[in-house]
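Colleague: Sharing a structure below in structure tokens format, with a few things to ask.
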Amino acid sequence: MNDKMIKAHALHKRFGQHEVLKSVSLEMGKGEVIAVIGPSGSGKSTFLRCLNHLETIDAGRIEIEGEVLADTDAAGHCRYAPDPELRRICRRMGMVFQHFNLFPHMTVLQNIIEAPITVKGMRREEVIPKAEALLAKVGLSAKRDAYPGRLSGGQKQRVAIARALAMEPDIMLFDEPTSALDPELTGEVLRTMRELAEEHMTMLVVTHEMGFAREVANRVIFMDQGQIVEERPAAEFFASPAHPRARAFLDNML
Amino acid sequence: MDYILKILPQLVEGAGVTLQVFLITIVLSMPLGLALALGRISHWRPLSTAVNGYIWLMRGTPLMLQMLFIYFALPFVPVIGIRLPDFPAAILAFVLNYAAYFAEIFRAGIQSIDRGQYEGAKVLGMNYSQTMRRIVLPQMIRRILPPVSNETITLVKDTSLIYVLAMNDLLRAARGIVQRDFTTSPFVVAAAFYLIMTLLLTWGFQYLEKRQAVCDE
Ligand SMILES: Nc1ncnc2c1ncn2[C@@H]1O[C@H](COP(=O)(O)OP(=O)(O)O)[C@@H](O)[C@H]1O
Ligand SMILES: [Mg+2]
């Protein structure tokens, strides 16, 4: 089976004495949308950040589209792919953060064309039409030349999504993309993400938006204390969560 | 007034020397300061420790002492000992000293950039030098303009320290005339020169700060 986009096997991660991921495994097919839910501090962000090397794992194996990003040998030494390859593999994944991380000294358009030009070496003339198309797609053509400081949170997050898409990733990772937004602004971001899902983007989404998880995700994984305690199709999960802690968590959310 | 016009050429010549020291120091000490700042925040311990020691030494001793050392004592130091003429000796002292101050300003500026900026750049595939060049340094510049402005204005006045190496800068030119003509007005003219230079700098930095402010909320 080589159409697996992500294969994470037995990931372990500790911060000092604190074991944050205790053998987390996940396989993700092309075009799948997976929602990662669970209480705060359960390791959801850390899991996502390990997949694209924002954090390094202590043990386990990560494969992205059949290429090995990190692996652990029999002696327990974890090794990452050498640098240029590591970078190339990680570039297959775009990421959207809770706090946007837009570049404040660049306009919206410059934010989007920056990486295609500096990283991929594309020419401005070929990137700008693409960037403009992406801006139209997220409904922000009018903000092309505005600085991020002038945008609302929802607009910033849509620019961040467009910026990630400009690198043409095969997988998109979202880490609580709407958690920093005023409630009335979450809708516009979720709508953009929903459209992306409809175009069969492979998406791994950490979220507290249960409505979104239920309607858009194919599968839900529920994390607690550094482990995946439940992993099921979204419809099944929301109809009757099996694990007591998942049930308690859902009751709390509604 | 006639008298001032008469002494002006000598003072202008002195101001020329002052300006040269100023400009050469700026042009050389800023890149060196940036390199030191990057060394200081490097994760490679020997490098950051060495840079730290260097900055401590340069900021912890008087610039005048450093200048005298380079001019008078350096020739007698084994192995690296060389005899420098007064102008290069002065420039060397200024550059080494000011680079240390700029390094601290740059370091604080770089460290004030949010970690999210590095992560945003990294997930877009940018490497260390691309991240620094395109993301971190442009934002740092905006934040360090006020302290850099301060430091630059201090440098204008510090250039008068080359007096001790008997170079004909603005201050020494003024003093030469004072001693010759028994009048203090050359000092007043010299003060006016310094004031004009610092005023121009102040305006220049204000302009830069305004231009950088366009992307603020
Ligand atoms: N850089 C870090 N250093 C130390 N501890 C961390 C770090 N990042 C996360 N943690 C800890 O790891 C645990 C899991 O965090 P996180 O993955 O952010 O959880 P979640 O995203 O599910 O809220 C938390 O207890 C958190 O305090
Ligand atoms: Mg989190």
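Ordering of the structure tokens sets the chain letters (A, B, ...), residue numbers begin anew at 1 in every chain, and ligands are numbered from 1 in the order given.
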Would you pick out the contacts of region 32-35 of chain B at 7 Å or less, using only C-alpha atoms, so that residues sharing its chain but fewer than 2 positions from it are not included, and give the list as a ChimeraX atom specification?
Modeller: /B:28-30,37-39,99-100,102-103,106
Colleague: Could you list, as JSON, numbers by chain, every residue of chain B that has an atom within 12 Å of an atom of chain A, counting only C-alpha atoms?
Modeller: {"B": [113, 114, 115, 116, 117, 118, 119, 120, 121, 122, 123, 124, 125, 126, 127, 128, 129, 130, 131, 133, 134, 135, 136, 137, 138, 139, 140, 141, 142, 143, 211, 212, 213, 214, 215, 216, 217]}
Colleague: As a ChimeraX atom specification, please: every residue in region 54-126 of chain A that a backbone DSSP assignment puts in helix (DSSP H, G or I).
Modeller: /A:83-90,108-118,124-126
Colleague: Could you give me the residues within 8 Å of ligand 2, counting only C-alpha atoms and all ligand atoms, as a ChimeraX atom specification?
Modeller: /A:40-41,43-46,175-176,206
Colleague: Mind giving me the straight-line distance from CA of Thr202 (chain A) to CA of Asp170 (chain A) in Å, one decimal?
Modeller: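 Interatomic distance here is 6.7 Å.
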Colleague: Pick out the residues sitting within 8 Å of Asn218 (chain A), and hand them over as a list in words; count only C-alpha atoms, and ignore anything fewer than 4 positions along from it in its own chain.
Modeller: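 In the requested form, the answer reads Glu32, Val33, Ile34, Ala35, Pro233, Ala234 and Ala235 of chain A.
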Colleague: Restricting it to C-alpha atoms, dump the selection as a PDB file, in the first residue's frame.
Modeller:
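Generated output (result-v2.pdb):
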```pdb
ATOM      1  CA  GLU A  32      -8.557  11.642   3.868  1.00  0.00           C
ATOM      2  CA  VAL A  33      -9.604  14.244   6.420  1.00  0.00           C
ATOM      3  CA  ILE A  34      -8.819  13.321   9.986  1.00  0.00           C
ATOM      4  CA  ALA A  35      -9.862  15.359  12.999  1.00  0.00           C
ATOM      5  CA  PRO A 233     -15.048   6.928  11.409  1.00  0.00           C
ATOM      6  CA  ALA A 234     -16.416  10.327  12.368  1.00  0.00           C
ATOM      7  CA  ALA A 235     -20.099   9.396  12.120  1.00  0.00           C
TER       8      ALA A 235
END
```
Colleague: With only C-alpha atoms as the atoms that count, which of A:Lys7, A:Arg123, A:Arg158, A:Arg14 lies nearest to Leu181 (chain A)?
Modeller: A:Arg158
Colleague: Enter the distance from CA of Pro39 (chain A) to CA of Ala213 (chain A), in Å, rounded to one decimal.
Modeller: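 Computed distance, CA of Pro39 (chain A) to CA of Ala213 (chain A), equals 14.9 Å.
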Colleague: Name the residues in contact with Tyr3 (chain B) at a cut-off of 12 Å, using only C-alpha atoms, excluding same-chain residues fewer than 4 positions from it; report them as a list in words.
Modeller: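 With the cut-off at 12 Å, the set is Ile7, Leu8, Pro9, Ile177, Asp181, Thr183, Thr184, Ser185, Pro186 and Val189 of chain B.
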Colleague: Can I get the selected residues back with N, CA, C and O atoms, as an mmCIF file, in the first residue's frame?
Modeller:
```
data_model
loop_
_atom_site.group_PDB
_atom_site.id
_atom_site.type_symbol
_atom_site.label_atom_id
_atom_site.label_comp_id
_atom_site.auth_asym_id
_atom_site.auth_seq_id
_atom_site.Cartn_x
_atom_site.Cartn_y
_atom_site.Cartn_z
ATOM 1 N N ILE B 7 38.379 81.098 9.672
ATOM 2 C CA ILE B 7 38.829 79.846 10.289
ATOM 3 C C ILE B 7 38.053 78.642 9.759
ATOM 4 O O ILE B 7 38.409 77.497 10.014
ATOM 5 N N LEU B 8 36.977 78.913 9.015
ATOM 6 C CA LEU B 8 36.113 77.830 8.567
ATOM 7 C C LEU B 8 36.833 76.731 7.781
ATOM 8 O O LEU B 8 36.629 75.533 8.050
ATOM 9 N N PRO B 9 37.694 77.103 6.824
ATOM 10 C CA PRO B 9 38.347 76.036 6.026
ATOM 11 C C PRO B 9 39.075 75.010 6.898
ATOM 12 O O PRO B 9 38.960 73.807 6.678
ATOM 13 N N ILE B 177 43.245 76.394 16.716
ATOM 14 C CA ILE B 177 42.964 77.805 16.446
ATOM 15 C C ILE B 177 42.789 78.577 17.745
ATOM 16 O O ILE B 177 43.241 79.719 17.882
ATOM 17 N N ASP B 181 44.907 81.865 18.354
ATOM 18 C CA ASP B 181 44.289 83.195 18.267
ATOM 19 C C ASP B 181 43.754 83.712 19.595
ATOM 20 O O ASP B 181 43.212 84.819 19.658
ATOM 21 N N THR B 183 41.069 82.960 21.292
ATOM 22 C CA THR B 183 39.623 83.197 21.300
ATOM 23 C C THR B 183 38.932 81.840 21.351
ATOM 24 O O THR B 183 39.467 80.850 20.841
ATOM 25 N N THR B 184 37.770 81.810 21.983
ATOM 26 C CA THR B 184 37.095 80.519 22.134
ATOM 27 C C THR B 184 36.041 80.268 21.053
ATOM 28 O O THR B 184 35.409 79.222 21.037
ATOM 29 N N SER B 185 35.846 81.233 20.171
ATOM 30 C CA SER B 185 34.771 81.038 19.193
ATOM 31 C C SER B 185 34.951 79.792 18.306
ATOM 32 O O SER B 185 33.951 79.188 17.903
ATOM 33 N N PRO B 186 36.163 79.323 18.010
ATOM 34 C CA PRO B 186 36.265 78.065 17.228
ATOM 35 C C PRO B 186 35.569 76.893 17.918
ATOM 36 O O PRO B 186 35.006 76.036 17.245
ATOM 37 N N VAL B 189 31.989 77.116 16.992
ATOM 38 C CA VAL B 189 31.769 76.658 15.618
ATOM 39 C C VAL B 189 31.853 75.125 15.554
ATOM 40 O O VAL B 189 31.043 74.474 14.898
#
```
Colleague: Counting only C-alpha atoms and all ligand atoms, which residue out of A:Val36, A:Met201, A:Met5, A:Val220 sits closest to ligand 1?
Modeller: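 Between A:Val36, A:Met201, A:Met5, A:Val220, the residue approaching ligand 1 most closely is A:Val36.
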Colleague: Which neighbours of region 58-72 of chain B fall inside 6 Å, counting only C-alpha atoms, when residues of the same chain fewer than 5 positions from it are skipped, and could you give them as an MDAnalysis selection string?
Modeller: chainID B and resid 89:90 93 97
Colleague: Identify which of the residues A:Leu21, A:Met223, A:Glu209, A:Val108 lies closest to Pro183 (chain A), counting only C-alpha atoms when measuring atom-to-atom distances.
Modeller: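 Answer, going by the shortest atom-to-atom distance: A:Glu209.
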Colleague: Enumerate as a PyMOL selection string all residues of region 63-105 of chain A assigned to strand (DSSP E) by DSSP on the backbone, naming them with the chain letters and numbers the document uses.
Modeller: chain A and resi 63-64+67-72+78-80+93-96
Colleague: Find the distance between CA of Ala173 (chain B) and CA of Trp203 (chain B) and write it in Å to one decimal.
Modeller: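 Those two atoms sit 26.9 Å apart.
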Colleague: So which residues touch region 154-162 of chain B within 9 Å, counting only C-alpha atoms, skipping near sequence neighbours fewer than 4 positions away, as a list in words?
Modeller: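 Here the qualifying residues turn out to be Thr18, Leu19, Val21, Phe22, Thr25, Ile26, Leu63, Met64, Met67, Asp86, Phe87, Ala90, Phe94, Tyr98, Ser149, Asn150, Ala166, Met167, Asn168, Asp169, Leu170, Leu171, Arg172, Tyr194, Met197 and Thr198 of chain B.
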